[in-house]
>>> print(open('query-v7.cif').read())   # mmCIF, C-alpha atoms
data_entry
loop_
_atom_site.group_PDB
_atom_site.id
_atom_site.type_symbol
_atom_site.label_atom_id
_atom_site.label_comp_id
_atom_site.auth_asym_id
_atom_site.auth_seq_id
_atom_site.Cartn_x
_atom_site.Cartn_y
_atom_site.Cartn_z
ATOM 1 C CA MET I 138 133.155 131.024 123.703
ATOM 2 C CA SER I 139 135.648 133.154 125.618
ATOM 3 C CA LYS I 140 139.391 132.785 125.217
ATOM 4 C CA SER I 141 141.516 131.499 128.110
ATOM 5 C CA LYS I 142 143.904 134.005 129.667
ATOM 6 C CA VAL I 143 147.007 133.347 131.753
ATOM 7 C CA ILE I 144 147.128 135.585 134.830
ATOM 8 C CA CYS I 145 150.399 136.320 136.639
ATOM 9 C CA PHE I 146 149.866 137.198 140.310
ATOM 10 C CA THR I 147 153.244 138.956 140.513
ATOM 11 C CA GLU I 148 152.349 141.288 137.648
ATOM 12 C CA GLU I 149 148.851 141.941 138.986
ATOM 13 C CA PHE I 150 150.101 142.765 142.498
ATOM 14 C CA GLU I 151 152.633 145.210 141.023
ATOM 15 C CA LYS I 152 149.648 147.210 139.715
ATOM 16 C CA LEU I 153 148.061 147.498 143.177
ATOM 17 C CA LYS I 154 148.548 150.250 145.739
ATOM 18 C CA PHE I 155 149.299 149.064 149.301
ATOM 19 C CA VAL I 156 146.769 150.543 151.742
ATOM 20 C CA LYS I 157 148.309 150.516 155.211
ATOM 21 C CA ASP I 158 145.387 151.676 157.333
ATOM 22 C CA ARG I 159 142.192 149.953 156.208
ATOM 23 C CA THR I 160 139.294 150.316 158.658
ATOM 24 C CA PRO I 161 135.676 149.127 158.616
ATOM 25 C CA GLU I 162 134.753 152.728 157.775
ATOM 26 C CA SER I 163 137.193 153.056 154.850
ATOM 27 C CA THR I 164 135.531 154.443 151.756
ATOM 28 C CA GLY I 165 135.857 153.131 148.237
ATOM 29 C CA GLU I 166 137.969 156.185 147.451
ATOM 30 C CA GLN I 167 140.397 155.409 150.310
ATOM 31 C CA LEU I 168 140.692 151.769 149.168
ATOM 32 C CA GLU I 169 140.967 152.613 145.481
ATOM 33 C CA GLY I 170 143.781 150.698 143.829
ATOM 34 C CA ALA I 171 144.244 148.239 146.715
ATOM 35 C CA PHE I 172 141.945 145.621 145.168
ATOM 36 C CA ALA I 173 141.430 144.276 141.669
ATOM 37 C CA GLU I 174 139.077 141.879 139.942
ATOM 38 C CA LEU I 175 141.205 139.485 137.891
ATOM 39 C CA ALA I 176 138.551 137.368 136.210
ATOM 40 C CA PRO I 177 134.880 136.502 136.400
ATOM 41 C CA TYR I 178 134.176 133.108 137.943
ATOM 42 C CA ARG I 179 130.778 131.394 138.196
ATOM 43 C CA ASP I 180 128.457 133.793 140.056
ATOM 44 C CA GLY I 181 131.251 136.126 141.189
ATOM 45 C CA ALA I 182 134.897 136.753 140.482
ATOM 46 C CA LEU I 183 138.513 136.163 141.433
ATOM 47 C CA PHE I 184 139.867 139.180 143.371
ATOM 48 C CA ILE I 185 143.225 140.213 144.839
ATOM 49 C CA GLY I 186 144.043 142.787 147.494
ATOM 50 C CA HIS I 187 147.066 144.273 149.261
ATOM 51 C CA TYR I 188 146.446 146.038 152.550
ATOM 52 C CA ALA I 189 146.921 146.236 156.315
ATOM 53 C CA GLY I 190 144.233 147.042 158.832
ATOM 54 C CA ASN I 191 140.763 145.744 159.595
ATOM 55 C CA SER I 192 137.841 145.121 157.276
ATOM 56 C CA GLU I 193 134.136 145.473 157.825
ATOM 57 C CA TRP I 194 131.955 142.399 158.338
ATOM 58 C CA GLU I 195 130.796 140.748 155.123
ATOM 59 C CA ARG I 196 128.890 137.690 153.944
ATOM 60 C CA HIS I 197 128.004 136.074 150.650
ATOM 61 C CA PRO I 198 124.423 134.740 150.520
ATOM 62 C CA GLN I 199 124.878 132.974 147.157
ATOM 63 C CA GLY I 200 127.846 130.697 147.909
ATOM 64 C CA ASP I 201 131.064 129.817 149.733
ATOM 65 C CA GLU I 202 134.097 132.133 149.479
ATOM 66 C CA ILE I 203 137.666 130.874 149.089
ATOM 67 C CA VAL I 204 140.265 133.061 150.855
ATOM 68 C CA TYR I 205 143.924 132.353 149.998
ATOM 69 C CA VAL I 206 146.943 134.203 151.417
ATOM 70 C CA LEU I 207 149.646 134.766 148.807
ATOM 71 C CA GLY I 208 151.910 136.823 151.084
ATOM 72 C CA GLY I 209 151.948 138.003 154.684
ATOM 73 C CA LYS I 210 149.296 136.985 157.184
ATOM 74 C CA THR I 211 145.829 137.883 158.377
ATOM 75 C CA ILE I 212 143.336 136.764 160.980
ATOM 76 C CA LEU I 213 140.079 135.756 159.343
ATOM 77 C CA ILE I 214 137.297 136.023 161.908
ATOM 78 C CA VAL I 215 134.240 133.912 161.138
ATOM 79 C CA LEU I 216 130.996 134.283 163.080
ATOM 80 C CA VAL I 217 129.813 130.787 164.065
ATOM 81 C CA GLU I 218 126.688 130.484 166.237
ATOM 82 C CA ASN I 219 127.164 134.045 167.585
ATOM 83 C CA ARG I 220 130.799 133.255 168.477
ATOM 84 C CA GLU I 221 133.845 134.771 166.785
ATOM 85 C CA GLU I 222 136.158 132.048 165.510
ATOM 86 C CA ARG I 223 139.661 133.464 164.851
ATOM 87 C CA ASN I 224 141.700 131.781 162.101
ATOM 88 C CA LEU I 225 145.322 132.790 161.518
ATOM 89 C CA LEU I 226 146.141 132.475 157.822
ATOM 90 C CA GLU I 227 149.744 132.797 156.641
ATOM 91 C CA THR I 228 151.373 132.633 153.215
ATOM 92 C CA GLY I 229 150.260 129.522 151.356
ATOM 93 C CA GLN I 230 147.187 128.856 153.524
ATOM 94 C CA PHE I 231 143.527 129.169 152.630
ATOM 95 C CA LEU I 232 140.133 128.862 154.246
ATOM 96 C CA ILE I 233 136.681 128.359 152.784
ATOM 97 C CA VAL I 234 134.067 130.639 154.358
ATOM 98 C CA PRO I 235 130.663 128.914 154.173
ATOM 99 C CA LYS I 236 127.788 130.513 152.296
ATOM 100 C CA ASN I 237 125.985 133.318 154.190
ATOM 101 C CA THR I 238 128.541 133.348 157.059
ATOM 102 C CA TRP I 239 129.579 136.744 158.442
ATOM 103 C CA HIS I 240 133.357 137.253 158.474
ATOM 104 C CA ARG I 241 136.021 139.967 158.614
ATOM 105 C CA PHE I 242 139.794 140.418 158.497
ATOM 106 C CA GLU I 243 142.311 141.757 161.038
ATOM 107 C CA THR I 244 145.638 142.419 159.336
ATOM 108 C CA PRO I 245 148.074 144.467 161.439
ATOM 109 C CA GLU I 246 151.161 144.042 159.228
ATOM 110 C CA GLY I 247 149.881 143.571 155.697
ATOM 111 C CA VAL I 248 148.671 140.801 153.417
ATOM 112 C CA LYS I 249 148.491 139.897 149.765
ATOM 113 C CA ILE I 250 145.250 138.017 149.422
ATOM 114 C CA MET I 251 143.278 136.289 146.696
ATOM 115 C CA THR I 252 139.598 135.460 147.008
ATOM 116 C CA VAL I 253 137.090 133.622 144.893
ATOM 117 C CA THR I 254 134.026 135.587 145.903
ATOM 118 C CA PRO I 255 130.409 134.973 144.943
ATOM 119 C CA GLN I 256 128.191 138.002 144.464
ATOM 120 C CA PRO I 257 126.350 139.782 145.851
ATOM 121 C CA THR I 258 128.234 140.671 149.051
ATOM 122 C CA ASP I 259 126.498 142.069 152.140
ATOM 123 C CA HIS I 260 128.532 144.491 154.317
ATOM 124 C CA SER I 261 128.163 145.674 157.926
ATOM 125 C CA VAL I 262 130.430 148.125 159.775
ATOM 126 C CA SER I 263 129.108 147.004 163.172
ATOM 127 C CA HIS I 264 129.019 143.478 164.570
ATOM 128 C CA PRO I 265 126.142 141.643 162.793
ATOM 129 C CA ASP I 266 124.632 140.537 166.124
ATOM 130 C CA ASP I 267 124.456 144.093 167.536
#
>>> encode(input="query-v7.cif", output="structure tokens")
Amino acid sequence: MSKSKVICFTEEFEKLKFVKDRTPESTGEQLEGAFAELAPYRDGALFIGHYAGNSEWERHPQGDEIVYVLGGKTILIVLVENREERNLLETGQFLIVPKNTWHRFETPEGVKIMTVTPQPTDHSVSHPDD
């Protein structure tokens, strides 16, 4: 049986590097240090990130994803019936992205985000319906 561990978001975010110009084409090397896995959880993990910019499209075929904004704001775009649904999330707000739903982030000013993300994750640089 594994031992419980207290995690301090403040301490964990201090370890991250702020990436100010994330794009859908950003490489793992360019994003290195901007994200961290804090703990395994069910079929995925709890992650944090600190960045500004736009992400690629992603989806999680094995389960719902919880997206929680710990600081700043982002627009979480969810693809619903071939229509982009834009959701503004600010500090203290969260949204649950349903299983296998394509989504992406637009974050012009920066965000500190926590996700509970099932694995695997599918990625697409272009719009999934293209």
>>> residues_around(input="query-v7.cif", residues="Val143 in chain I", least_positions_apart="3", cutoff="12 Å", atoms="all atoms listed in the file", output="mmCIF file with C-alpha atoms, in the coordinates of the input")
data_model
loop_
_atom_site.group_PDB
_atom_site.id
_atom_site.type_symbol
_atom_site.label_atom_id
_atom_site.label_comp_id
_atom_site.auth_asym_id
_atom_site.auth_seq_id
_atom_site.Cartn_x
_atom_site.Cartn_y
_atom_site.Cartn_z
ATOM 1 C CA LYS I 140 139.391 132.785 125.217
ATOM 2 C CA PHE I 146 149.866 137.198 140.310
ATOM 3 C CA GLU I 148 152.349 141.288 137.648
ATOM 4 C CA GLU I 149 148.851 141.941 138.986
ATOM 5 C CA LEU I 175 141.205 139.485 137.891
ATOM 6 C CA ALA I 176 138.551 137.368 136.210
#
>>> resolve_selection(input="query-v7.cif", expression="the PyMOL selection byres ((chain I and resi 221-227) around 10)", output="mmCIF file with C-alpha atoms, in the coordinates of the input")
data_model
loop_
_atom_site.group_PDB
_atom_site.id
_atom_site.type_symbol
_atom_site.label_atom_id
_atom_site.label_comp_id
_atom_site.auth_asym_id
_atom_site.auth_seq_id
_atom_site.Cartn_x
_atom_site.Cartn_y
_atom_site.Cartn_z
ATOM 1 C CA VAL I 204 140.265 133.061 150.855
ATOM 2 C CA TYR I 205 143.924 132.353 149.998
ATOM 3 C CA VAL I 206 146.943 134.203 151.417
ATOM 4 C CA LEU I 207 149.646 134.766 148.807
ATOM 5 C CA GLY I 208 151.910 136.823 151.084
ATOM 6 C CA GLY I 209 151.948 138.003 154.684
ATOM 7 C CA LYS I 210 149.296 136.985 157.184
ATOM 8 C CA THR I 211 145.829 137.883 158.377
ATOM 9 C CA ILE I 212 143.336 136.764 160.980
ATOM 10 C CA LEU I 213 140.079 135.756 159.343
ATOM 11 C CA ILE I 214 137.297 136.023 161.908
ATOM 12 C CA VAL I 215 134.240 133.912 161.138
ATOM 13 C CA LEU I 216 130.996 134.283 163.080
ATOM 14 C CA VAL I 217 129.813 130.787 164.065
ATOM 15 C CA GLU I 218 126.688 130.484 166.237
ATOM 16 C CA ASN I 219 127.164 134.045 167.585
ATOM 17 C CA ARG I 220 130.799 133.255 168.477
ATOM 18 C CA THR I 228 151.373 132.633 153.215
ATOM 19 C CA GLY I 229 150.260 129.522 151.356
ATOM 20 C CA GLN I 230 147.187 128.856 153.524
ATOM 21 C CA PHE I 231 143.527 129.169 152.630
ATOM 22 C CA LEU I 232 140.133 128.862 154.246
ATOM 23 C CA TRP I 239 129.579 136.744 158.442
ATOM 24 C CA HIS I 240 133.357 137.253 158.474
ATOM 25 C CA ARG I 241 136.021 139.967 158.614
ATOM 26 C CA PHE I 242 139.794 140.418 158.497
ATOM 27 C CA GLU I 243 142.311 141.757 161.038
ATOM 28 C CA THR I 244 145.638 142.419 159.336
ATOM 29 C CA VAL I 248 148.671 140.801 153.417
ATOM 30 C CA LYS I 249 148.491 139.897 149.765
ATOM 31 C CA ILE I 250 145.250 138.017 149.422
#
>>> resolve_selection(input="query-v7.cif", expression="the PyMOL selection byres ((chain I and resi 258) around 12)", output="VMD selection string")
chain I and resid 180 to 182 193 to 202 236 to 240 254 to 257 259 to 261
>>> atom_distance(input="query-v7.cif", atom1="CA of Ile233 in chain I", atom2="CA of Glu166 in chain I")
28.4 Å
>>> atom_distance(input="query-v7.cif", atom1="CA of Pro245 in chain I", atom2="CA of Pro161 in chain I")
13.5 Å
>>> residues_around(input="query-v7.cif", residues="Phe155 in chain I", least_positions_apart="3", cutoff="10 Å", atoms="all atoms listed in the file", output="ChimeraX atom specification")
/I:150-152,158-159,168-172,186-189,247-249
>>> atom_distance(input="query-v7.cif", atom1="CA of Met251 in chain I", atom2="CA of Lys142 in chain I")
17.2 Å
>>> decode(input="query-v7.cif", residues="range 201-224 of chain I", atoms="N, CA and C atoms", output="compact mmCIF listing (two decimals), in the first residue's frame")
# COMPACT_ATOMS: atom_id res chain seq x y z
N ASP I 201 -13.35 11.23 -18.55
CA ASP I 201 -13.52 12.68 -18.44
C ASP I 201 -12.24 13.31 -17.88
N GLU I 202 -12.00 14.59 -18.23
CA GLU I 202 -10.88 15.34 -17.68
C GLU I 202 -11.42 16.51 -16.86
N ILE I 203 -10.85 16.71 -15.68
CA ILE I 203 -11.19 17.86 -14.85
C ILE I 203 -10.14 18.93 -15.09
N VAL I 204 -10.58 20.15 -15.43
CA VAL I 204 -9.68 21.28 -15.66
C VAL I 204 -10.03 22.36 -14.64
N TYR I 205 -9.07 22.73 -13.80
CA TYR I 205 -9.28 23.69 -12.72
C TYR I 205 -8.26 24.81 -12.82
N VAL I 206 -8.72 26.06 -12.81
CA VAL I 206 -7.83 27.21 -12.90
C VAL I 206 -7.46 27.68 -11.49
N LEU I 207 -6.17 27.62 -11.20
CA LEU I 207 -5.67 28.04 -9.89
C LEU I 207 -5.23 29.50 -9.88
N GLY I 208 -4.97 30.06 -11.06
CA GLY I 208 -4.56 31.46 -11.17
C GLY I 208 -4.65 31.92 -12.61
N GLY I 209 -5.08 33.14 -12.82
CA GLY I 209 -5.21 33.67 -14.18
C GLY I 209 -6.51 33.25 -14.82
N LYS I 210 -6.49 33.17 -16.16
CA LYS I 210 -7.70 32.76 -16.88
C LYS I 210 -7.31 32.15 -18.21
N THR I 211 -8.23 31.36 -18.74
CA THR I 211 -8.06 30.72 -20.04
C THR I 211 -9.43 30.53 -20.67
N ILE I 212 -9.44 30.36 -21.97
CA ILE I 212 -10.66 29.98 -22.67
C ILE I 212 -10.48 28.53 -23.06
N LEU I 213 -11.34 27.68 -22.55
CA LEU I 213 -11.32 26.26 -22.86
C LEU I 213 -12.36 26.03 -23.96
N ILE I 214 -11.88 25.67 -25.14
CA ILE I 214 -12.75 25.46 -26.29
C ILE I 214 -13.02 23.97 -26.41
N VAL I 215 -14.30 23.62 -26.37
CA VAL I 215 -14.74 22.23 -26.45
C VAL I 215 -15.51 22.05 -27.75
N LEU I 216 -15.19 21.00 -28.48
CA LEU I 216 -15.86 20.72 -29.74
C LEU I 216 -17.10 19.88 -29.47
N VAL I 217 -18.29 20.48 -29.67
CA VAL I 217 -19.56 19.81 -29.42
C VAL I 217 -20.36 19.79 -30.72
N GLU I 218 -20.60 18.59 -31.24
CA GLU I 218 -21.36 18.43 -32.49
C GLU I 218 -20.82 19.35 -33.59
N ASN I 219 -19.50 19.29 -33.80
CA ASN I 219 -18.81 20.08 -34.84
C ASN I 219 -18.89 21.59 -34.62
N ARG I 220 -19.19 22.02 -33.41
CA ARG I 220 -19.30 23.43 -33.07
C ARG I 220 -18.35 23.72 -31.90
N GLU I 221 -17.59 24.81 -32.02
CA GLU I 221 -16.69 25.19 -30.94
C GLU I 221 -17.44 25.93 -29.86
N GLU I 222 -17.44 25.37 -28.67
CA GLU I 222 -18.07 25.98 -27.50
C GLU I 222 -16.96 26.61 -26.66
N ARG I 223 -17.00 27.94 -26.50
CA ARG I 223 -15.95 28.67 -25.79
C ARG I 223 -16.36 28.89 -24.33
N ASN I 224 -15.51 28.46 -23.41
CA ASN I 224 -15.79 28.56 -21.98
C ASN I 224 -14.67 29.36 -21.30
